[in-house]
$ cat query09.pdb   # PDB, C-alpha atoms
ATOM      1  CA  MET A 261     -29.909  57.391 -81.361  1.00  0.00           C
ATOM      2  CA  HIS A 262     -28.840  59.560 -84.300  1.00  0.00           C
ATOM      3  CA  ARG A 263     -32.461  60.435 -85.119  1.00  0.00           C
ATOM      4  CA  HIS A 264     -32.605  62.511 -81.922  1.00  0.00           C
ATOM      5  CA  TYR A 265     -29.605  64.646 -82.940  1.00  0.00           C
ATOM      6  CA  THR A 266     -30.647  66.381 -86.140  1.00  0.00           C
ATOM      7  CA  ASP A 267     -29.400  69.648 -87.646  1.00  0.00           C
ATOM      8  CA  ALA A 268     -32.320  71.320 -85.849  1.00  0.00           C
ATOM      9  CA  TYR A 269     -30.926  70.060 -82.545  1.00  0.00           C
ATOM     10  CA  ASP A 270     -27.533  71.591 -83.363  1.00  0.00           C
ATOM     11  CA  ARG A 271     -29.261  74.913 -84.070  1.00  0.00           C
ATOM     12  CA  LEU A 272     -31.060  74.642 -80.741  1.00  0.00           C
ATOM     13  CA  ILE A 273     -27.740  74.176 -78.926  1.00  0.00           C
ATOM     14  CA  SER A 274     -26.381  77.323 -80.545  1.00  0.00           C
ATOM     15  CA  ALA A 275     -29.576  79.285 -79.871  1.00  0.00           C
ATOM     16  CA  THR A 276     -29.490  78.496 -76.142  1.00  0.00           C
ATOM     17  CA  GLY A 277     -25.975  79.915 -75.795  1.00  0.00           C
ATOM     18  CA  GLU A 278     -24.267  76.627 -75.012  1.00  0.00           C
ATOM     19  CA  ASN A 279     -21.447  77.554 -77.376  1.00  0.00           C
ATOM     20  CA  SER A 280     -21.020  81.127 -76.129  1.00  0.00           C
ATOM     21  CA  PRO A 281     -17.456  82.359 -75.402  1.00  0.00           C
ATOM     22  CA  GLY A 282     -18.414  83.230 -71.822  1.00  0.00           C
ATOM     23  CA  ARG A 283     -19.390  79.638 -71.142  1.00  0.00           C
ATOM     24  CA  TRP A 284     -15.978  78.392 -72.184  1.00  0.00           C
ATOM     25  CA  ARG A 285     -14.110  81.101 -70.283  1.00  0.00           C
ATOM     26  CA  ASP A 286     -15.769  79.817 -67.122  1.00  0.00           C
ATOM     27  CA  ARG A 287     -14.826  76.216 -67.923  1.00  0.00           C
ATOM     28  CA  ASN A 288     -11.234  77.215 -68.686  1.00  0.00           C
ATOM     29  CA  ALA A 289     -10.951  79.118 -65.416  1.00  0.00           C
ATOM     30  CA  VAL A 290     -11.958  76.006 -63.469  1.00  0.00           C
ATOM     31  CA  LEU A 291      -9.733  73.744 -65.544  1.00  0.00           C
ATOM     32  CA  THR A 292      -6.596  75.830 -65.066  1.00  0.00           C
ATOM     33  CA  LEU A 293      -6.937  75.562 -61.296  1.00  0.00           C
ATOM     34  CA  HIS A 294      -6.045  71.884 -61.710  1.00  0.00           C
ATOM     35  CA  LYS A 295      -4.176  71.515 -65.013  1.00  0.00           C
ATOM     36  CA  GLN A 296      -2.485  74.037 -67.275  1.00  0.00           C
ATOM     37  CA  SER A 297      -1.192  71.818 -70.068  1.00  0.00           C
ATOM     38  CA  GLY A 298      -1.052  68.262 -71.380  1.00  0.00           C
ATOM     39  CA  ALA A 299      -3.195  65.928 -73.451  1.00  0.00           C
ATOM     40  CA  LEU A 300      -6.917  66.723 -73.258  1.00  0.00           C
ATOM     41  CA  LEU A 301      -9.851  64.695 -74.581  1.00  0.00           C
ATOM     42  CA  ASP A 302     -13.311  66.262 -74.883  1.00  0.00           C
ATOM     43  CA  LEU A 303     -16.159  63.721 -74.948  1.00  0.00           C
ATOM     44  CA  GLY A 304     -18.957  64.877 -77.230  1.00  0.00           C
ATOM     45  CA  CYS A 305     -16.925  67.808 -78.525  1.00  0.00           C
ATOM     46  CA  SER A 306     -19.648  68.940 -80.976  1.00  0.00           C
ATOM     47  CA  SER A 307     -18.287  71.571 -83.376  1.00  0.00           C
ATOM     48  CA  GLY A 308     -15.237  72.194 -81.207  1.00  0.00           C
ATOM     49  CA  ALA A 309     -16.039  75.474 -79.442  1.00  0.00           C
ATOM     50  CA  PHE A 310     -14.436  74.353 -76.178  1.00  0.00           C
ATOM     51  CA  LEU A 311     -11.401  72.837 -77.893  1.00  0.00           C
ATOM     52  CA  GLN A 312     -10.994  76.016 -79.910  1.00  0.00           C
ATOM     53  CA  SER A 313     -11.040  78.086 -76.714  1.00  0.00           C
ATOM     54  CA  LEU A 314      -7.981  76.146 -75.514  1.00  0.00           C
ATOM     55  CA  GLY A 315      -5.939  76.857 -78.647  1.00  0.00           C
ATOM     56  CA  GLY A 316      -2.401  78.094 -78.004  1.00  0.00           C
ATOM     57  CA  LYS A 317      -2.493  77.090 -74.345  1.00  0.00           C
ATOM     58  CA  HIS A 318      -0.046  74.193 -74.386  1.00  0.00           C
ATOM     59  CA  TRP A 319      -2.673  71.502 -74.909  1.00  0.00           C
ATOM     60  CA  ASP A 320      -2.592  68.474 -77.180  1.00  0.00           C
ATOM     61  CA  LEU A 321      -6.245  68.343 -78.176  1.00  0.00           C
ATOM     62  CA  PHE A 322      -8.450  65.346 -78.892  1.00  0.00           C
ATOM     63  CA  GLY A 323     -12.198  64.907 -79.221  1.00  0.00           C
ATOM     64  CA  ILE A 324     -14.901  62.309 -79.731  1.00  0.00           C
ATOM     65  CA  GLU A 325     -18.025  63.262 -81.665  1.00  0.00           C
ATOM     66  CA  MET A 326     -20.859  61.226 -83.237  1.00  0.00           C
ATOM     67  CA  SER A 327     -21.615  63.710 -86.005  1.00  0.00           C
ATOM     68  CA  ALA A 328     -19.113  63.606 -88.860  1.00  0.00           C
ATOM     69  CA  GLU A 329     -20.045  67.149 -89.873  1.00  0.00           C
ATOM     70  CA  SER A 330     -19.538  68.506 -86.348  1.00  0.00           C
ATOM     71  CA  ALA A 331     -16.293  66.554 -85.971  1.00  0.00           C
ATOM     72  CA  LYS A 332     -14.977  68.113 -89.176  1.00  0.00           C
ATOM     73  CA  GLN A 333     -15.820  71.578 -87.865  1.00  0.00           C
ATOM     74  CA  ALA A 334     -14.083  70.789 -84.579  1.00  0.00           C
ATOM     75  CA  GLN A 335     -10.932  69.717 -86.385  1.00  0.00           C
ATOM     76  CA  GLU A 336     -10.943  72.805 -88.580  1.00  0.00           C
ATOM     77  CA  LYS A 337     -11.562  75.204 -85.686  1.00  0.00           C
ATOM     78  CA  SER A 338      -9.185  73.747 -83.113  1.00  0.00           C
ATOM     79  CA  GLY A 339      -6.714  71.519 -84.917  1.00  0.00           C
ATOM     80  CA  ALA A 340      -7.756  68.683 -82.614  1.00  0.00           C
ATOM     81  CA  SER A 341      -7.670  65.033 -83.578  1.00  0.00           C
ATOM     82  CA  VAL A 342     -11.326  63.975 -83.464  1.00  0.00           C
ATOM     83  CA  PHE A 343     -12.634  60.411 -83.450  1.00  0.00           C
ATOM     84  CA  VAL A 344     -16.002  60.120 -85.204  1.00  0.00           C
ATOM     85  CA  GLY A 345     -18.360  57.660 -83.552  1.00  0.00           C
ATOM     86  CA  ASP A 346     -19.509  56.289 -80.214  1.00  0.00           C
ATOM     87  CA  ILE A 347     -17.286  56.837 -77.181  1.00  0.00           C
ATOM     88  CA  LEU A 348     -17.184  53.105 -76.469  1.00  0.00           C
ATOM     89  CA  ARG A 349     -15.783  52.425 -79.942  1.00  0.00           C
ATOM     90  CA  ALA A 350     -12.890  54.845 -79.531  1.00  0.00           C
ATOM     91  CA  GLN A 351      -9.487  53.259 -78.973  1.00  0.00           C
ATOM     92  CA  PHE A 352      -6.797  55.071 -76.983  1.00  0.00           C
ATOM     93  CA  PRO A 353      -3.893  53.500 -75.073  1.00  0.00           C
ATOM     94  CA  PRO A 354      -4.242  53.375 -71.273  1.00  0.00           C
ATOM     95  CA  ALA A 355      -3.028  56.477 -69.403  1.00  0.00           C
ATOM     96  CA  SER A 356      -3.202  58.696 -72.505  1.00  0.00           C
ATOM     97  CA  PHE A 357      -4.724  61.871 -71.082  1.00  0.00           C
ATOM     98  CA  ASP A 358      -4.040  64.458 -68.414  1.00  0.00           C
ATOM     99  CA  VAL A 359      -7.610  65.759 -68.680  1.00  0.00           C
ATOM    100  CA  ILE A 360     -10.886  64.358 -69.975  1.00  0.00           C
ATOM    101  CA  THR A 361     -13.856  66.720 -70.182  1.00  0.00           C
ATOM    102  CA  CYS A 362     -17.539  65.939 -70.674  1.00  0.00           C
ATOM    103  CA  PHE A 363     -19.871  68.934 -70.678  1.00  0.00           C
ATOM    104  CA  ASP A 364     -23.616  68.207 -70.772  1.00  0.00           C
ATOM    105  CA  VAL A 365     -23.026  64.911 -72.559  1.00  0.00           C
ATOM    106  CA  PHE A 366     -22.922  62.223 -69.867  1.00  0.00           C
ATOM    107  CA  GLU A 367     -26.691  62.292 -69.409  1.00  0.00           C
ATOM    108  CA  HIS A 368     -27.057  61.343 -73.101  1.00  0.00           C
ATOM    109  CA  LEU A 369     -25.093  58.087 -72.832  1.00  0.00           C
ATOM    110  CA  TYR A 370     -26.693  54.652 -73.028  1.00  0.00           C
ATOM    111  CA  GLU A 371     -23.984  52.960 -70.955  1.00  0.00           C
ATOM    112  CA  PRO A 372     -22.543  55.520 -68.526  1.00  0.00           C
ATOM    113  CA  ARG A 373     -20.827  52.939 -66.310  1.00  0.00           C
ATOM    114  CA  ARG A 374     -18.845  51.552 -69.246  1.00  0.00           C
ATOM    115  CA  VAL A 375     -17.932  55.057 -70.358  1.00  0.00           C
ATOM    116  CA  MET A 376     -16.790  55.971 -66.837  1.00  0.00           C
ATOM    117  CA  ALA A 377     -14.580  52.867 -66.838  1.00  0.00           C
ATOM    118  CA  LYS A 378     -13.118  54.009 -70.170  1.00  0.00           C
ATOM    119  CA  VAL A 379     -12.415  57.422 -68.670  1.00  0.00           C
ATOM    120  CA  ALA A 380     -10.595  55.851 -65.722  1.00  0.00           C
ATOM    121  CA  ALA A 381      -8.518  53.695 -68.059  1.00  0.00           C
ATOM    122  CA  TRP A 382      -7.630  56.567 -70.390  1.00  0.00           C
ATOM    123  CA  LEU A 383      -6.563  58.955 -67.621  1.00  0.00           C
ATOM    124  CA  LYS A 384      -2.982  59.225 -66.439  1.00  0.00           C
ATOM    125  CA  PRO A 385      -2.483  58.440 -62.709  1.00  0.00           C
ATOM    126  CA  ASP A 386      -2.906  62.097 -61.742  1.00  0.00           C
ATOM    127  CA  GLY A 387      -5.347  62.893 -64.544  1.00  0.00           C
ATOM    128  CA  ILE A 388      -8.682  64.605 -63.945  1.00  0.00           C
ATOM    129  CA  PHE A 389     -12.193  64.103 -65.281  1.00  0.00           C
ATOM    130  CA  TYR A 390     -14.153  67.371 -65.490  1.00  0.00           C
ATOM    131  CA  VAL A 391     -17.861  66.626 -66.000  1.00  0.00           C
ATOM    132  CA  LEU A 392     -21.083  68.647 -66.057  1.00  0.00           C
ATOM    133  CA  VAL A 393     -24.595  67.183 -65.919  1.00  0.00           C
ATOM    134  CA  PRO A 394     -28.058  68.535 -65.048  1.00  0.00           C
ATOM    135  CA  ASN A 395     -28.908  68.179 -61.362  1.00  0.00           C
ATOM    136  CA  VAL A 396     -32.057  66.118 -60.847  1.00  0.00           C
ATOM    137  CA  ASP A 397     -32.238  67.452 -57.271  1.00  0.00           C
ATOM    138  CA  ALA A 398     -32.289  71.064 -58.471  1.00  0.00           C
ATOM    139  CA  ALA A 399     -34.841  73.439 -57.008  1.00  0.00           C
ATOM    140  CA  GLU A 400     -36.082  74.134 -60.532  1.00  0.00           C
ATOM    141  CA  ALA A 401     -36.591  70.400 -61.136  1.00  0.00           C
ATOM    142  CA  ARG A 402     -38.760  70.175 -58.032  1.00  0.00           C
ATOM    143  CA  ILE A 403     -40.767  73.256 -58.940  1.00  0.00           C
ATOM    144  CA  PHE A 404     -41.437  72.396 -62.589  1.00  0.00           C
ATOM    145  CA  GLY A 405     -41.627  68.606 -62.290  1.00  0.00           C
ATOM    146  CA  SER A 406     -42.187  67.020 -65.701  1.00  0.00           C
ATOM    147  CA  TYR A 407     -41.733  70.435 -67.338  1.00  0.00           C
ATOM    148  CA  TRP A 408     -38.161  70.808 -66.074  1.00  0.00           C
ATOM    149  CA  HIS A 409     -35.864  71.511 -69.013  1.00  0.00           C
ATOM    150  CA  GLY A 410     -33.168  69.185 -67.634  1.00  0.00           C
ATOM    151  CA  LEU A 411     -35.278  66.094 -68.369  1.00  0.00           C
ATOM    152  CA  GLU A 412     -35.061  66.708 -72.137  1.00  0.00           C
ATOM    153  CA  LEU A 413     -36.594  63.396 -73.145  1.00  0.00           C
ATOM    154  CA  PRO A 414     -35.802  61.328 -75.151  1.00  0.00           C
ATOM    155  CA  ARG A 415     -32.231  62.607 -75.410  1.00  0.00           C
ATOM    156  CA  HIS A 416     -31.409  62.587 -71.690  1.00  0.00           C
ATOM    157  CA  LEU A 417     -31.299  58.916 -70.735  1.00  0.00           C
ATOM    158  CA  PHE A 418     -30.032  59.178 -67.136  1.00  0.00           C
ATOM    159  CA  HIS A 419     -30.599  61.859 -64.510  1.00  0.00           C
ATOM    160  CA  TYR A 420     -27.973  62.465 -61.843  1.00  0.00           C
ATOM    161  CA  SER A 421     -27.812  63.807 -58.329  1.00  0.00           C
ATOM    162  CA  GLN A 422     -24.504  64.735 -56.732  1.00  0.00           C
ATOM    163  CA  GLU A 423     -24.584  61.459 -54.808  1.00  0.00           C
ATOM    164  CA  SER A 424     -25.293  59.218 -57.802  1.00  0.00           C
ATOM    165  CA  LEU A 425     -22.633  60.882 -59.968  1.00  0.00           C
ATOM    166  CA  LYS A 426     -20.072  60.565 -57.172  1.00  0.00           C
ATOM    167  CA  PHE A 427     -20.965  56.894 -56.646  1.00  0.00           C
ATOM    168  CA  LEU A 428     -20.590  56.150 -60.348  1.00  0.00           C
ATOM    169  CA  ALA A 429     -17.189  57.833 -60.510  1.00  0.00           C
ATOM    170  CA  GLU A 430     -15.821  56.280 -57.323  1.00  0.00           C
ATOM    171  CA  SER A 431     -17.013  52.794 -58.248  1.00  0.00           C
ATOM    172  CA  SER A 432     -15.094  53.187 -61.511  1.00  0.00           C
ATOM    173  CA  GLY A 433     -11.784  54.048 -59.867  1.00  0.00           C
ATOM    174  CA  LEU A 434     -11.964  57.824 -59.561  1.00  0.00           C
ATOM    175  CA  CYS A 435     -11.965  59.995 -56.451  1.00  0.00           C
ATOM    176  CA  GLN A 436     -13.694  63.300 -55.838  1.00  0.00           C
ATOM    177  CA  VAL A 437     -11.705  66.520 -56.087  1.00  0.00           C
ATOM    178  CA  SER A 438     -14.630  68.941 -56.181  1.00  0.00           C
ATOM    179  CA  LEU A 439     -18.388  68.565 -56.452  1.00  0.00           C
ATOM    180  CA  GLU A 440     -20.854  71.441 -56.457  1.00  0.00           C
ATOM    181  CA  THR A 441     -23.990  72.752 -58.090  1.00  0.00           C
ATOM    182  CA  ARG A 442     -24.251  75.995 -59.991  1.00  0.00           C
ATOM    183  CA  ARG A 443     -26.916  78.038 -61.654  1.00  0.00           C
ATOM    184  CA  ASN A 444     -27.760  77.256 -65.236  1.00  0.00           C
ATOM    185  CA  PRO A 445     -30.129  80.110 -66.065  1.00  0.00           C
ATOM    186  CA  ALA A 446     -32.584  78.138 -68.189  1.00  0.00           C
ATOM    187  CA  VAL A 447     -35.731  78.683 -66.148  1.00  0.00           C
ATOM    188  CA  GLY A 448     -37.167  80.285 -69.270  1.00  0.00           C
ATOM    189  CA  THR A 449     -36.904  76.965 -71.098  1.00  0.00           C
ATOM    190  CA  SER A 450     -38.883  75.152 -68.406  1.00  0.00           C
ATOM    191  CA  LEU A 451     -41.472  77.897 -68.430  1.00  0.00           C
ATOM    192  CA  ARG A 452     -41.663  77.682 -72.218  1.00  0.00           C
ATOM    193  CA  TYR A 453     -42.636  74.003 -71.919  1.00  0.00           C
ATOM    194  CA  VAL A 454     -45.459  75.008 -69.558  1.00  0.00           C
ATOM    195  CA  TRP A 455     -46.456  77.824 -71.905  1.00  0.00           C
ATOM    196  CA  ASP A 456     -46.459  75.618 -75.018  1.00  0.00           C
ATOM    197  CA  ASP A 457     -48.432  72.885 -73.236  1.00  0.00           C
ATOM    198  CA  ALA A 458     -51.032  75.434 -72.199  1.00  0.00           C
ATOM    199  CA  PHE A 459     -51.413  76.490 -75.837  1.00  0.00           C
ATOM    200  CA  ARG A 460     -51.788  72.876 -76.949  1.00  0.00           C
ATOM    201  CA  PHE A 461     -54.442  72.335 -74.271  1.00  0.00           C
ATOM    202  CA  VAL A 462     -56.636  74.985 -75.894  1.00  0.00           C
ATOM    203  CA  GLY A 463     -55.930  73.644 -79.389  1.00  0.00           C
ATOM    204  CA  ILE A 464     -53.188  76.025 -80.515  1.00  0.00           C
ATOM    205  CA  HIS A 465     -50.116  74.316 -81.959  1.00  0.00           C
ATOM    206  CA  ARG A 466     -47.192  76.658 -82.410  1.00  0.00           C
ATOM    207  CA  THR A 467     -43.833  76.346 -84.129  1.00  0.00           C
ATOM    208  CA  PRO A 468     -41.377  75.350 -81.361  1.00  0.00           C
ATOM    209  CA  THR A 469     -39.953  78.583 -79.990  1.00  0.00           C
ATOM    210  CA  ALA A 470     -36.549  76.948 -79.539  1.00  0.00           C
ATOM    211  CA  TYR A 471     -35.998  76.958 -83.297  1.00  0.00           C
ATOM    212  CA  ARG A 472     -36.979  80.566 -83.932  1.00  0.00           C
ATOM    213  CA  GLY A 473     -34.579  83.447 -83.886  1.00  0.00           C
ATOM    214  CA  GLU A 474     -36.635  85.840 -81.774  1.00  0.00           C
ATOM    215  CA  ALA A 475     -39.157  84.890 -79.101  1.00  0.00           C
ATOM    216  CA  SER A 476     -42.747  86.047 -79.497  1.00  0.00           C
ATOM    217  CA  LEU A 477     -44.005  89.116 -77.653  1.00  0.00           C
ATOM    218  CA  PRO A 478     -46.148  87.104 -75.170  1.00  0.00           C
ATOM    219  CA  TRP A 479     -43.203  84.842 -74.456  1.00  0.00           C
ATOM    220  CA  ARG A 480     -40.860  87.808 -73.874  1.00  0.00           C
ATOM    221  CA  ALA A 481     -43.419  89.321 -71.516  1.00  0.00           C
ATOM    222  CA  ALA A 482     -43.772  86.062 -69.576  1.00  0.00           C
ATOM    223  CA  ARG A 483     -40.001  85.728 -69.356  1.00  0.00           C
ATOM    224  CA  LYS A 484     -39.716  89.268 -67.995  1.00  0.00           C
ATOM    225  CA  ILE A 485     -42.331  88.514 -65.332  1.00  0.00           C
ATOM    226  CA  VAL A 486     -40.441  85.435 -64.184  1.00  0.00           C
ATOM    227  CA  ARG A 487     -37.262  87.450 -63.793  1.00  0.00           C
ATOM    228  CA  LEU A 488     -39.079  89.822 -61.472  1.00  0.00           C
ATOM    229  CA  THR A 489     -40.687  87.215 -59.248  1.00  0.00           C
ATOM    230  CA  ALA A 490     -39.668  85.436 -56.063  1.00  0.00           C
ATOM    231  CA  LEU A 491     -39.218  82.267 -58.130  1.00  0.00           C
ATOM    232  CA  ARG A 492     -36.225  83.834 -59.819  1.00  0.00           C
ATOM    233  CA  ALA A 493     -34.755  84.810 -56.458  1.00  0.00           C
ATOM    234  CA  LEU A 494     -35.319  81.289 -55.142  1.00  0.00           C
ATOM    235  CA  LEU A 495     -33.490  79.747 -58.076  1.00  0.00           C
ATOM    236  CA  MET A 496     -30.580  82.151 -57.643  1.00  0.00           C
ATOM    237  CA  MET A 497     -30.230  81.009 -54.029  1.00  0.00           C
ATOM    238  CA  ALA A 498     -30.539  77.315 -54.891  1.00  0.00           C
ATOM    239  CA  PRO A 499     -26.804  76.576 -55.414  1.00  0.00           C
ATOM    240  CA  ILE A 500     -26.095  77.610 -51.826  1.00  0.00           C
ATOM    241  CA  VAL A 501     -28.027  74.572 -50.578  1.00  0.00           C
ATOM    242  CA  GLY A 502     -26.926  72.258 -53.382  1.00  0.00           C
ATOM    243  CA  GLY A 503     -29.996  72.860 -55.497  1.00  0.00           C
ATOM    244  CA  GLY A 504     -28.404  74.524 -58.520  1.00  0.00           C
ATOM    245  CA  GLU A 505     -29.492  73.324 -61.949  1.00  0.00           C
ATOM    246  CA  SER A 506     -26.084  72.008 -63.024  1.00  0.00           C
ATOM    247  CA  ILE A 507     -23.611  69.672 -61.284  1.00  0.00           C
ATOM    248  CA  HIS A 508     -19.965  70.626 -61.807  1.00  0.00           C
ATOM    249  CA  ALA A 509     -17.612  67.849 -60.747  1.00  0.00           C
ATOM    250  CA  ILE A 510     -13.922  67.097 -60.971  1.00  0.00           C
ATOM    251  CA  PHE A 511     -12.698  63.578 -60.265  1.00  0.00           C
ATOM    252  CA  GLN A 512      -9.144  62.272 -60.258  1.00  0.00           C
ATOM    253  CA  LYS A 513      -7.760  58.858 -61.051  1.00  0.00           C
ATOM    254  CA  LYS A 514      -7.025  56.909 -57.886  1.00  0.00           C
ATOM    255  CA  LYS A 515      -3.419  55.943 -57.320  1.00  0.00           C
ATOM    256  CA  VAL A 516      -4.406  52.279 -57.090  1.00  0.00           C
ATOM    257  CA  PHE A 517      -5.072  52.460 -60.827  1.00  0.00           C
ATOM    258  CA  SER A 518      -1.604  53.773 -61.603  1.00  0.00           C
ATOM    259  CA  GLU A 519       1.188  51.612 -62.910  1.00  0.00           C
TER     260      GLU A 519
END
$ encode --input "query09.pdb" --output "structure tokens"
Amino acid sequence: MHRHYTDAYDRLISATGENSPGRWRDRNAVLTLHKQSGALLDLGCSSGAFLQSLGGKHWDLFGIEMSAESAKQAQEKSGASVFVGDILRAQFPPASFDVITCFDVFEHLYEPRRVMAKVAAWLKPDGIFYVLVPNVDAAEARIFGSYWHGLELPRHLFHYSQESLKFLAESSGLCQVSLETRRNPAVGTSLRYVWDDAFRFVGIHRTPTAYRGEASLPWRAARKIVRLTALRALLMMAPIVGGGESIHAIFQKKKVFSE
């Protein structure tokens, strides 16, 4: 598994804006509607950008991260206590956390049902699980098919719809608080896969654009065209009918699991 998460992958995450301050402001705004303080565990905390964004807000911070280097950065940035290793190897007492978060990580897990059971066990009786995953029913997924960026093989091992994510959570002892889809403006990534494949078809093999600082002129032109087309408008409307690229869900521990 580790061979799929190299330093180049970490650079890709940063290049796509996944660690941007705006991203975490949005997550914090949703979180504070449900919880304002307590013990919080971030699954797959990476270098700690989200944990850092919570600093000074009455949170006791914890994380789990496979990369020792990223875990060290998370600890230094946020002051969180970070377990290095697989989620299933982490040991916390039952009912330890008020909040567990998992942003764009759950689709990477080999054993999601076992992890969901861990989440249910670790949550306090009124604790919440705030999870984001790509939406396999997204309009963009249907349009681009095998070129859809949300597939991200071989790193994404499971692909979720709203129904399948809800079923997994409820069968593990959690109940739905909110479940919706939102835009994740990465249509350019899907189009880049089409673009790169077209180049390969005619025998041109380029350096992956994801690892370069500035996109090429043809790619910038293609991206601009997409933004001006009906496809862009369609994708902007997709969340209204549940077809947004990202599922945002909050589940709560059922009272039957409380002491």
$ atom_distance --input "query09.pdb" --atom1 "atom CA of Leu369 of chain A" --atom2 "atom CA of Ala399 of chain A"
24.1 Å
$ resolve_selection --input "query09.pdb" --expression "the PyMOL selection byres ((chain A and resi 432) around 12)" --output "VMD selection string"
chain A and resid 372 to 381 383 389 425 to 431 433 to 436 511 to 514 516 to 517
$ write_last_selection --input "query09.pdb" --atoms "C-alpha atoms" --output "PDB file, keeping the file's coordinate frame"
ATOM      1  CA  PRO A 372     -22.543  55.520 -68.526  1.00  0.00           C
ATOM      2  CA  ARG A 373     -20.827  52.939 -66.310  1.00  0.00           C
ATOM      3  CA  ARG A 374     -18.845  51.552 -69.246  1.00  0.00           C
ATOM      4  CA  VAL A 375     -17.932  55.057 -70.358  1.00  0.00           C
ATOM      5  CA  MET A 376     -16.790  55.971 -66.837  1.00  0.00           C
ATOM      6  CA  ALA A 377     -14.580  52.867 -66.838  1.00  0.00           C
ATOM      7  CA  LYS A 378     -13.118  54.009 -70.170  1.00  0.00           C
ATOM      8  CA  VAL A 379     -12.415  57.422 -68.670  1.00  0.00           C
ATOM      9  CA  ALA A 380     -10.595  55.851 -65.722  1.00  0.00           C
ATOM     10  CA  ALA A 381      -8.518  53.695 -68.059  1.00  0.00           C
ATOM     11  CA  LEU A 383      -6.563  58.955 -67.621  1.00  0.00           C
ATOM     12  CA  PHE A 389     -12.193  64.103 -65.281  1.00  0.00           C
ATOM     13  CA  LEU A 425     -22.633  60.882 -59.968  1.00  0.00           C
ATOM     14  CA  LYS A 426     -20.072  60.565 -57.172  1.00  0.00           C
ATOM     15  CA  PHE A 427     -20.965  56.894 -56.646  1.00  0.00           C
ATOM     16  CA  LEU A 428     -20.590  56.150 -60.348  1.00  0.00           C
ATOM     17  CA  ALA A 429     -17.189  57.833 -60.510  1.00  0.00           C
ATOM     18  CA  GLU A 430     -15.821  56.280 -57.323  1.00  0.00           C
ATOM     19  CA  SER A 431     -17.013  52.794 -58.248  1.00  0.00           C
ATOM     20  CA  GLY A 433     -11.784  54.048 -59.867  1.00  0.00           C
ATOM     21  CA  LEU A 434     -11.964  57.824 -59.561  1.00  0.00           C
ATOM     22  CA  CYS A 435     -11.965  59.995 -56.451  1.00  0.00           C
ATOM     23  CA  GLN A 436     -13.694  63.300 -55.838  1.00  0.00           C
ATOM     24  CA  PHE A 511     -12.698  63.578 -60.265  1.00  0.00           C
ATOM     25  CA  GLN A 512      -9.144  62.272 -60.258  1.00  0.00           C
ATOM     26  CA  LYS A 513      -7.760  58.858 -61.051  1.00  0.00           C
ATOM     27  CA  LYS A 514      -7.025  56.909 -57.886  1.00  0.00           C
ATOM     28  CA  VAL A 516      -4.406  52.279 -57.090  1.00  0.00           C
ATOM     29  CA  PHE A 517      -5.072  52.460 -60.827  1.00  0.00           C
TER      30      PHE A 517
END
$ closest_residue --input "query09.pdb" --among "A:Ala509, A:Val396, A:Val290, A:Leu301" --to "Phe352 of chain A" --atoms "all atoms listed in the file"
A:Leu301
$ closest_residue --input "query09.pdb" --among "A:Ala331, A:Val344, A:Leu291, A:Leu417" --to "Val365 of chain A" --atoms "all atoms listed in the file"
A:Leu417
$ closest_residue --input "query09.pdb" --among "A:Lys332, A:Lys384, A:Arg287, A:Lys295" --to "Gly308 of chain A" --atoms "all atoms listed in the file"
A:Lys332
$ resolve_selection --input "query09.pdb" --expression "the PyMOL selection byres ((chain A and resi 337) around 12)" --output "list in words"
Cys305, Ser306, Ser307, Gly308, Ala309, Phe310, Leu311, Gln312, Ser313, Leu314, Gly315, Leu321, Ser330, Ala331, Lys332, Gln333, Ala334, Gln335, Glu336, Ser338, Gly339, Ala340, Ser341 and Val342 of chain A
$ atom_distance --input "query09.pdb" --atom1 "atom CA of Asn395 of chain A" --atom2 "atom CA of Arg415 of chain A"
15.5 Å
$ atom_distance --input "query09.pdb" --atom1 "atom CA of Asp358 of chain A" --atom2 "atom CA of Tyr420 of chain A"
24.9 Å
$ closest_residue --input "query09.pdb" --among "A:Thr361, A:Gln351, A:Thr441, A:Ser421" --to "Asn288 of chain A" --atoms "only C-alpha atoms"
A:Thr361
$ closest_residue --input "query09.pdb" --among "A:Arg402, A:Gly345, A:Ser506, A:Phe418" --to "Leu439 of chain A" --atoms "only C-alpha atoms"
A:Ser506
$ closest_residue --input "query09.pdb" --among "A:Asp302, A:Asp320, A:Pro354, A:Gln422" --to "Asp397 of chain A" --atoms "all atoms listed in the file"
A:Gln422
